[in-house]
Amino acid sequence: MELYIFDGSLEGLLTAVFECYRRKSAIVKLVTEDRHVPDVFDSGYHVVSDREKGKRVWKGLCAKLGKDWQLRFYKTYLSEQPEAFQHLLNFARYIIDQPAGASENFAHSDVLAVSQTAQKVHREKHRMEAFVRFQKTGDGIYYAHIEPDFDVLPLLPEHFQNRYADQRWIIYDLKRKYGLYYDLEKTEEIELDEAPQMSIINALPSNLLDPKEELFTLLWQDYFKNTNIKARKNIRLHVRHVPRRYWKYLSEKQG
Amino acid sequence: MYERIREKLGILADAAKYDVSCSSSGSNRKNENKGIGDAEGTGICHTYTEDGRCVSLLKILLTNHCIYDCAFCVSRRSNDIKRAAFTVDEVVELTMNFYRRNYIEGLFLSSGIFKDADYTMERLVCIVKKLRQEERFNGYIHLKTIPGASDELLREAGLFADRMSINLEMPTETGLKLLAPEKSHAEVKKPLKYIQNSITQFENEKALIKSVPRFVPAGQSTQIVVGATPETDKEIMHTAHAFYQNFSLKRVYYSGYIPISNDSRLPVIGSQPPLIRENRLYQADWLMRFYGFKVQEILNDVHPNLEADVDPKLSWALRNLDQFPVDINTADYYMILRVPGIGVASALKIVQARKFNRLYESHLRKLGIAFRKARHFIRYADSPMQLKEFEAGHIKGLILSESKSKYQKNPDNQLSIF
Ligand code: SF4
């Protein structure tokens with residue numbers, strides 16, 4: 001077994017796949033630099049991220065994977081999980097070595113793992129599409145912050161851009177300290193100088209908000225309460241759909 | 001003004017909550033005019049109530065004034081409650097502001113009947129029209145049809161709404177006559193038929209001329225109240241089936257009756273709504289729509305009611321043990337779908353994966369099937385030799401004892417679908 005150390009980027013991961021072939025490595029264990037604990041006996045091989053090499057691997061994969069699997073590969077990468085990187089490396093090698101169609105082999109452990117992790121990331125993306133709660137600021141921008149389990153922000157622009165084409169909005173990931181800003185034309189990645197403070201109700205400080213914002217938060221909280229049917233109360237089911245860790249985003253849970 | 005609008009929303013959301021339809025999917029309204037909103041693809045549930053139902057639409061009544069007196073309805077005229085009515089602008093403003101903040105996917109608008117059917121329907125149409133034309137809103141709109149409204153108004157509504165629905169309320173005509181003597185199933189069928197015909201007509205024209213507008217792109221649905229009248233599950237599902245067939249409905253919703261009045265014709269206030277039964281009906285509905293089951297296979301004269309302790313798929317399997325075991329490595333897709341514990345997604349994975357290798361227990365466990373349930377009904381590459389065939393009661397006992405904790409911890413039993 002050989003130890004490969006990479007920088008955690010997607011380019012680096014794809015470069016690692018390239019190096020497996022160039023260096024004819026049989027079994028490779030992949031770790032990111034920040035998790036690597038140097039070992040006296042095995043210093044490991046440091047993968048140098050390389051655009052060209054990465055591209056060649058990606059092209060090779062795309063030749064054998066349909067659009068849905070290409071996206072799954074990317075989503076699994078966004079999970080930021082160490083095991084996922086390993087599965088992606090194995091998966092890529094398996095796909096490259098086999099004739100086209102091998103990605104349908106769900107009994108293969110890496111195929112299965114990639115598809116399941118992609119599914120988890122997809123679910124988190126979908127949750128963010130649901131749980132974002134914009135607040136209108138004084139200068140007319142709709143602002144929301146989130147802290148997703150996985151780095152799903154890159155998956156969100158299309159959805160929100162299609163939906164809110166006529167309003168400017170910002171979605172900011174507090175955990176990863178970057179956000180998306182849509183300016184009515186295009187969506188760009190942004191970093192705010194001063195990370196916004198989360199007040200108790202997951203809201204911006206009231207001096208930054210549009211004067212009517214408080215009313216709509218109230219109305220939404222009222223609606224949430226009034227649409228509940230007490231005779232059917234089922235908190236277990238409620239929590240299964242809206243896990244507690246998301247409550248802090250949801251204005252209706254603060255009323 | 002703050003307080004008045006809050007009060008109205010309180011009353012009119014409260015009165016609308018018994019309508020269980022929630023879906024916001026099935027439309028294909030794209031944001032093409034750089035306006036706001038997009039109702040393409042599958043719907044999003046933005047939150048869930050404490051009773052576990054999803055919230056995807058702002059579901060409100062335009063008014064809870066009503067000239068009718070249906071015994072099962074909170075808005076009935078003989079009920080002594082606070083009344084309110086939104087103005088057209090208030091509904092538009094609420095919808096837009098909730099949508100812009102990503103609280104909702106759109107609007108579900110229903111209404112009590114004030115004055116007469118057309119007067120009420122006209123106002124509903126006014127709201128949708130304003131949302132679409134003035135606000136350039138492309139989000140989802142579900143409009144409740146007012147029974148007795150004229151064809152012209154229905155047609156206009158259909159040009160702006162994504163989905164329309166009209167509730168059957170009681171599963172049989174007799175049941176409905178008992179509780180709402182002023183209403184009839186015929187009154188429901190007429191607008192359903194009219195809209196269905198118009199949908200077909202628009203589709204035909206669309207094939208010829210590109211610029212034909214959309215007409216109720218997400219189709220129609222209806223709701224049946226369960227447990228207010230004594231119909232069997234067979235009667236309920238056969239009615240549902242007939243409506244799916246005759247009116248190409250997208251969904252039938254089943255709503256467990258929650259007692260809201262001291263009417264001797266109805267279950268007394270405080271009795272538990274039939275939640276398990278409601279859930280079983282949804283499961284049976286799924287079997288019809290996605291699993292290729294015929295309604296007669298699930299419910300018939302010998303078997304007129306769904307069981308509370310097992311889901312309808314398991315129940316069917318236990319009654320048809322001669323069709324099992326199913327060999328996972330050779331059986332056709334539809335037969336694999338019929339195995340208790342195997343859903344659509346895992347059935348698909350099974351038929352894909354077995355092209356590469358024969359499937360063993362270890363594979364099946366990983367593919368996401370409920371193996372402990374399914375194992376009684378399947379054969380796979382390393383299935384243990386079976387000395388004697390178990391009989392149905394024994395298998396059921398085994399499955400129930402293994403899943404016992406789950407059933408016990410969940411007394412109100414709102415199980416998920418399979
Ligand atoms: S007509 Fe509709 S709103 Fe009026 S009482 Fe009957 S069910 Fe209720």
# chains A, B, ... in the order shown; residues from 1 in each chain; ligands from 1

call {"tool": "residues_around", "arguments": {"residues": "stretch 328-330 of chain B", "least_positions_apart": "5", "cutoff": "7 Å", "atoms": "only C-alpha atoms", "output": "VMD selection string"}}
result
chain B and resid 336 354 358 to 359 378 to 380

call {"tool": "interface_residues", "arguments": {"of": "chain B", "to": "chain A", "cutoff": "7 Å", "atoms": "only C-alpha atoms", "output": "compact mmCIF listing (two decimals) with all heavy atoms, in the first residue's frame"}}
result
# COMPACT_ATOMS: atom_id res chain seq x y z
N ARG B 6 -52.88 40.37 11.10
CA ARG B 6 -52.48 39.18 11.86
C ARG B 6 -53.71 38.38 12.27
O ARG B 6 -53.71 37.15 12.22
CB ARG B 6 -51.69 39.59 13.11
CG ARG B 6 -50.28 40.03 12.79
CD ARG B 6 -49.48 40.28 14.06
NE ARG B 6 -49.18 39.05 14.76
CZ ARG B 6 -48.56 39.01 15.94
NH1 ARG B 6 -48.20 40.14 16.53
NH2 ARG B 6 -48.30 37.86 16.53
N LEU B 9 -55.13 36.54 9.21
CA LEU B 9 -54.31 35.39 8.83
C LEU B 9 -54.54 34.25 9.80
O LEU B 9 -54.64 33.09 9.41
CB LEU B 9 -52.83 35.78 8.78
CG LEU B 9 -51.87 34.67 8.35
CD1 LEU B 9 -52.16 34.22 6.92
CD2 LEU B 9 -50.41 35.10 8.45
N GLY B 10 -54.64 34.60 11.08
CA GLY B 10 -54.89 33.57 12.08
C GLY B 10 -56.17 32.81 11.78
O GLY B 10 -56.18 31.58 11.69
N ALA B 13 -56.06 30.99 8.08
CA ALA B 13 -55.13 29.87 7.95
C ALA B 13 -55.66 28.71 8.77
O ALA B 13 -55.62 27.56 8.36
CB ALA B 13 -53.74 30.27 8.42
N ASP B 14 -56.17 29.04 9.93
CA ASP B 14 -56.73 28.03 10.81
C ASP B 14 -57.86 27.27 10.12
O ASP B 14 -57.95 26.05 10.18
CB ASP B 14 -57.26 28.72 12.08
CG ASP B 14 -57.64 27.71 13.13
OD1 ASP B 14 -56.76 27.34 13.91
OD2 ASP B 14 -58.82 27.29 13.15
N LYS B 17 -56.69 24.72 7.27
CA LYS B 17 -55.69 23.68 7.52
C LYS B 17 -56.21 22.26 7.37
O LYS B 17 -55.43 21.33 7.26
CB LYS B 17 -55.07 23.88 8.90
CG LYS B 17 -56.01 23.59 10.04
CD LYS B 17 -55.37 24.02 11.35
CE LYS B 17 -56.33 23.82 12.50
NZ LYS B 17 -55.86 24.43 13.73
N ASN B 31 -39.56 30.41 -14.88
CA ASN B 31 -39.45 31.85 -14.81
C ASN B 31 -38.88 32.33 -16.14
O ASN B 31 -37.68 32.32 -16.36
CB ASN B 31 -38.53 32.25 -13.66
CG ASN B 31 -38.50 33.74 -13.45
OD1 ASN B 31 -38.98 34.51 -14.28
ND2 ASN B 31 -37.95 34.16 -12.34
N LYS B 34 -38.20 36.95 -16.49
CA LYS B 34 -37.38 37.60 -15.47
C LYS B 34 -38.24 38.20 -14.36
O LYS B 34 -37.96 39.24 -13.79
CB LYS B 34 -36.44 38.65 -16.05
CG LYS B 34 -35.02 38.27 -15.63
CD LYS B 34 -33.93 39.24 -15.79
CE LYS B 34 -32.71 38.62 -15.18
NZ LYS B 34 -31.63 39.07 -14.66
N GLY B 35 -39.33 37.54 -14.12
CA GLY B 35 -40.19 37.93 -13.02
C GLY B 35 -39.70 37.19 -11.80
O GLY B 35 -38.50 36.94 -11.63
N ILE B 36 -40.63 36.77 -10.98
CA ILE B 36 -40.23 36.07 -9.78
C ILE B 36 -40.85 34.70 -9.76
O ILE B 36 -41.99 34.51 -10.17
CB ILE B 36 -40.61 36.87 -8.52
CG1 ILE B 36 -40.24 36.08 -7.29
CG2 ILE B 36 -42.08 37.24 -8.51
CD1 ILE B 36 -40.27 36.87 -6.03
N GLY B 37 -40.05 33.73 -9.28
CA GLY B 37 -40.63 32.42 -9.05
C GLY B 37 -40.42 31.44 -10.16
O GLY B 37 -40.14 31.78 -11.30
N ASP B 38 -40.54 30.19 -9.79
CA ASP B 38 -40.24 29.11 -10.67
C ASP B 38 -40.95 27.90 -10.09
O ASP B 38 -40.77 27.57 -8.94
CB ASP B 38 -38.71 28.91 -10.63
CG ASP B 38 -38.23 27.93 -11.67
OD1 ASP B 38 -38.27 28.29 -12.84
OD2 ASP B 38 -37.82 26.82 -11.30
N ILE B 44 -40.88 21.84 -3.06
CA ILE B 44 -40.03 21.91 -1.88
C ILE B 44 -40.93 22.11 -0.68
O ILE B 44 -41.81 22.96 -0.70
CB ILE B 44 -39.05 23.09 -1.99
CG1 ILE B 44 -38.09 22.84 -3.15
CG2 ILE B 44 -38.29 23.29 -0.69
CD1 ILE B 44 -37.13 23.97 -3.39
N CYS B 45 -40.69 21.33 0.37
CA CYS B 45 -41.40 21.56 1.62
C CYS B 45 -40.53 22.50 2.43
O CYS B 45 -39.41 22.16 2.78
CB CYS B 45 -41.59 20.26 2.38
SG CYS B 45 -42.38 19.01 1.38
N HIS B 46 -41.00 23.68 2.72
CA HIS B 46 -40.15 24.65 3.40
C HIS B 46 -40.08 24.44 4.89
O HIS B 46 -39.13 24.83 5.54
CB HIS B 46 -40.60 26.07 3.06
CG HIS B 46 -40.21 26.45 1.67
ND1 HIS B 46 -39.04 27.06 1.37
CD2 HIS B 46 -40.82 26.23 0.49
CE1 HIS B 46 -38.94 27.23 0.07
NE2 HIS B 46 -40.02 26.72 -0.50
N TYR B 48 -42.19 22.05 8.37
CA TYR B 48 -43.20 21.06 8.75
C TYR B 48 -43.90 21.54 10.01
O TYR B 48 -43.25 22.06 10.92
CB TYR B 48 -42.54 19.70 9.00
CG TYR B 48 -42.05 19.06 7.72
CD1 TYR B 48 -40.86 19.46 7.15
CD2 TYR B 48 -42.81 18.10 7.08
CE1 TYR B 48 -40.42 18.90 5.95
CE2 TYR B 48 -42.39 17.53 5.89
CZ TYR B 48 -41.19 17.94 5.34
OH TYR B 48 -40.77 17.39 4.14
N THR B 49 -45.20 21.33 10.06
CA THR B 49 -45.94 21.71 11.26
C THR B 49 -45.58 20.74 12.38
O THR B 49 -44.99 19.69 12.14
CB THR B 49 -47.44 21.61 11.01
OG1 THR B 49 -47.72 20.28 10.57
CG2 THR B 49 -47.90 22.60 9.97
N GLU B 50 -46.00 21.06 13.59
CA GLU B 50 -45.69 20.17 14.71
C GLU B 50 -46.45 18.86 14.61
O GLU B 50 -46.13 17.89 15.30
CB GLU B 50 -45.96 20.87 16.04
CG GLU B 50 -44.95 21.98 16.26
CD GLU B 50 -44.95 22.53 17.66
OE1 GLU B 50 -45.86 22.20 18.42
OE2 GLU B 50 -44.02 23.30 17.96
N ASP B 51 -47.46 18.80 13.76
CA ASP B 51 -48.12 17.51 13.55
C ASP B 51 -47.45 16.72 12.42
O ASP B 51 -47.90 15.65 12.04
CB ASP B 51 -49.64 17.68 13.31
CG ASP B 51 -49.94 18.56 12.10
OD1 ASP B 51 -49.39 18.28 11.03
OD2 ASP B 51 -50.72 19.51 12.23
N GLY B 52 -46.39 17.28 11.86
CA GLY B 52 -45.59 16.52 10.90
C GLY B 52 -46.00 16.67 9.45
O GLY B 52 -45.49 15.98 8.59
N ARG B 101 -39.23 35.73 0.53
CA ARG B 101 -38.38 35.36 1.67
C ARG B 101 -38.10 33.87 1.73
O ARG B 101 -37.55 33.36 2.69
CB ARG B 101 -39.02 35.85 2.96
CG ARG B 101 -38.90 37.36 3.12
CD ARG B 101 -39.83 37.94 4.15
NE ARG B 101 -39.65 39.39 4.24
CZ ARG B 101 -40.11 40.26 3.34
NH1 ARG B 101 -40.79 39.83 2.30
NH2 ARG B 101 -39.87 41.56 3.48
N ASN B 102 -38.55 33.16 0.68
CA ASN B 102 -38.35 31.72 0.59
C ASN B 102 -39.06 30.94 1.70
O ASN B 102 -38.58 29.91 2.16
CB ASN B 102 -36.84 31.37 0.60
CG ASN B 102 -36.56 30.04 -0.08
OD1 ASN B 102 -37.13 29.72 -1.12
ND2 ASN B 102 -35.69 29.23 0.53
N TYR B 103 -40.22 31.44 2.13
CA TYR B 103 -41.01 30.70 3.10
C TYR B 103 -41.86 29.63 2.42
O TYR B 103 -42.22 28.63 3.03
CB TYR B 103 -42.01 31.63 3.84
CG TYR B 103 -41.44 32.75 4.68
CD1 TYR B 103 -42.27 33.80 5.08
CD2 TYR B 103 -40.12 32.77 5.09
CE1 TYR B 103 -41.79 34.84 5.86
CE2 TYR B 103 -39.64 33.81 5.87
CZ TYR B 103 -40.48 34.84 6.24
OH TYR B 103 -40.01 35.87 7.01
N LYS B 349 -32.09 -0.66 -8.32
CA LYS B 349 -30.67 -0.96 -8.08
C LYS B 349 -30.42 -2.45 -8.21
O LYS B 349 -29.39 -2.87 -8.72
CB LYS B 349 -30.25 -0.47 -6.70
CG LYS B 349 -29.98 1.02 -6.67
CD LYS B 349 -29.33 1.44 -5.37
CE LYS B 349 -29.05 2.95 -5.40
NZ LYS B 349 -29.07 3.56 -4.10
N GLN B 352 -30.18 -3.50 -11.79
CA GLN B 352 -28.94 -3.02 -12.41
C GLN B 352 -27.74 -3.80 -11.92
O GLN B 352 -26.91 -4.25 -12.70
CB GLN B 352 -28.77 -1.53 -12.13
CG GLN B 352 -29.66 -0.68 -13.02
CD GLN B 352 -29.66 0.78 -12.60
OE1 GLN B 352 -29.44 1.11 -11.44
NE2 GLN B 352 -29.92 1.67 -13.55
N ALA B 353 -27.68 -3.98 -10.60
CA ALA B 353 -26.49 -4.61 -10.02
C ALA B 353 -26.36 -6.06 -10.44
O ALA B 353 -25.25 -6.59 -10.61
CB ALA B 353 -26.54 -4.51 -8.49
N PHE B 356 -24.05 -7.50 -13.15
CA PHE B 356 -22.61 -7.64 -12.95
C PHE B 356 -22.25 -8.86 -12.13
O PHE B 356 -21.26 -9.52 -12.38
CB PHE B 356 -22.05 -6.38 -12.26
CG PHE B 356 -22.22 -5.16 -13.07
CD1 PHE B 356 -23.39 -4.42 -13.02
CD2 PHE B 356 -21.21 -4.74 -13.94
CE1 PHE B 356 -23.55 -3.27 -13.79
CE2 PHE B 356 -21.36 -3.61 -14.72
CZ PHE B 356 -22.54 -2.86 -14.65
N HIS B 363 -24.90 -8.09 -0.39
CA HIS B 363 -25.24 -7.04 -1.35
C HIS B 363 -26.60 -6.44 -1.01
O HIS B 363 -26.77 -5.22 -0.98
CB HIS B 363 -25.32 -7.60 -2.78
CG HIS B 363 -24.01 -8.11 -3.28
ND1 HIS B 363 -23.88 -9.35 -3.87
CD2 HIS B 363 -22.78 -7.56 -3.26
CE1 HIS B 363 -22.61 -9.53 -4.21
NE2 HIS B 363 -21.93 -8.46 -3.85

call {"tool": "residues_around", "arguments": {"residues": "B:Ile104", "least_positions_apart": "3", "cutoff": "8 Å", "atoms": "only C-alpha atoms", "output": "list in words"}}
result
Cys45, His46, Val55, Ser56, Leu57, Leu58, Phe98, Tyr99 and Leu107 of chain B

call {"tool": "closest_atom_pairs", "arguments": {"of": "chain B", "to": "ligand 1", "cutoff": "7 Å", "atoms": "only C-alpha atoms and all ligand atoms", "output": "tab-separated table"}}
result
residue	atom	partner	partner_atom_place_in_ligand_line	distance
B:Asn64	CA	ligand 1	3 (S)	6.7
B:Cys66	CA	ligand 1	4 (Fe)	4.7
B:Ile67	CA	ligand 1	4 (Fe)	6.4
B:Tyr68	CA	ligand 1	5 (S)	4.6
B:Asp69	CA	ligand 1	5 (S)	4.6
B:Cys70	CA	ligand 1	6 (Fe)	4.3
B:Cys73	CA	ligand 1	8 (Fe)	4.5
B:Val74	CA	ligand 1	8 (Fe)	6.5
B:Ser75	CA	ligand 1	8 (Fe)	4.9
B:Arg76	CA	ligand 1	5 (S)	3.7
B:Arg77	CA	ligand 1	5 (S)	6.5
B:Ser111	CA	ligand 1	3 (S)	6.3
B:Gly112	CA	ligand 1	3 (S)	3.8
B:Ile113	CA	ligand 1	4 (Fe)	5.7

call {"tool": "write_last_selection", "arguments": {"atoms": "N, CA, C and O atoms", "output": "compact mmCIF listing (two decimals), in the first residue's frame"}}
result
# COMPACT_ATOMS: atom_id res chain seq x y z
N ASN B 64 -63.99 32.82 5.50
CA ASN B 64 -64.66 31.68 6.13
C ASN B 64 -66.16 31.95 6.34
O ASN B 64 -66.83 31.23 7.04
N CYS B 66 -69.75 31.46 5.00
CA CYS B 66 -70.27 30.49 4.04
C CYS B 66 -71.78 30.39 4.13
O CYS B 66 -72.34 30.41 5.22
N ILE B 67 -72.41 30.28 2.96
CA ILE B 67 -73.88 30.17 2.95
C ILE B 67 -74.32 28.72 3.14
O ILE B 67 -75.48 28.44 3.33
N TYR B 68 -73.39 27.80 3.07
CA TYR B 68 -73.74 26.38 3.23
C TYR B 68 -73.53 25.93 4.66
O TYR B 68 -72.93 26.61 5.48
N ASP B 69 -73.97 24.70 4.92
CA ASP B 69 -73.92 24.21 6.29
C ASP B 69 -73.47 22.75 6.35
O ASP B 69 -74.13 21.90 6.94
N CYS B 70 -72.32 22.47 5.76
CA CYS B 70 -71.82 21.09 5.75
C CYS B 70 -71.34 20.72 7.15
O CYS B 70 -70.48 21.41 7.72
N CYS B 73 -67.59 20.70 8.41
CA CYS B 73 -66.73 21.85 8.08
C CYS B 73 -66.79 22.94 9.15
O CYS B 73 -67.88 23.32 9.59
N VAL B 74 -65.62 23.46 9.55
CA VAL B 74 -65.60 24.53 10.56
C VAL B 74 -66.28 25.80 10.07
O VAL B 74 -66.81 26.56 10.87
N SER B 75 -66.26 26.04 8.78
CA SER B 75 -66.80 27.30 8.27
C SER B 75 -68.32 27.26 8.07
O SER B 75 -68.90 28.26 7.65
N ARG B 76 -68.95 26.13 8.35
CA ARG B 76 -70.41 26.02 8.10
C ARG B 76 -71.17 27.16 8.78
O ARG B 76 -70.78 27.63 9.84
N ARG B 77 -72.28 27.57 8.16
CA ARG B 77 -72.93 28.80 8.61
C ARG B 77 -73.47 28.70 10.03
O ARG B 77 -73.54 29.68 10.76
N SER B 111 -61.90 28.84 -0.38
CA SER B 111 -62.80 29.84 0.19
C SER B 111 -64.13 29.25 0.60
O SER B 111 -64.60 28.28 0.01
N GLY B 112 -64.70 29.84 1.63
CA GLY B 112 -66.11 29.58 1.91
C GLY B 112 -66.90 30.31 0.83
O GLY B 112 -66.35 31.12 0.08
N ILE B 113 -68.17 30.01 0.76
CA ILE B 113 -68.94 30.61 -0.32
C ILE B 113 -69.73 31.80 0.20
O ILE B 113 -70.66 31.61 0.98

call {"tool": "select_by_dssp", "arguments": {"residues": "stretch 145-284 of chain B", "states": "strand (DSSP E)", "output": "list in words"}}
result
Arg163, Met164, Ser165, Gln220, Ser221, Thr222, Gln223, Ile224, Val225, Val226, Arg251, Val252, Tyr253, Tyr254, Ser255 and Gly256 of chain B
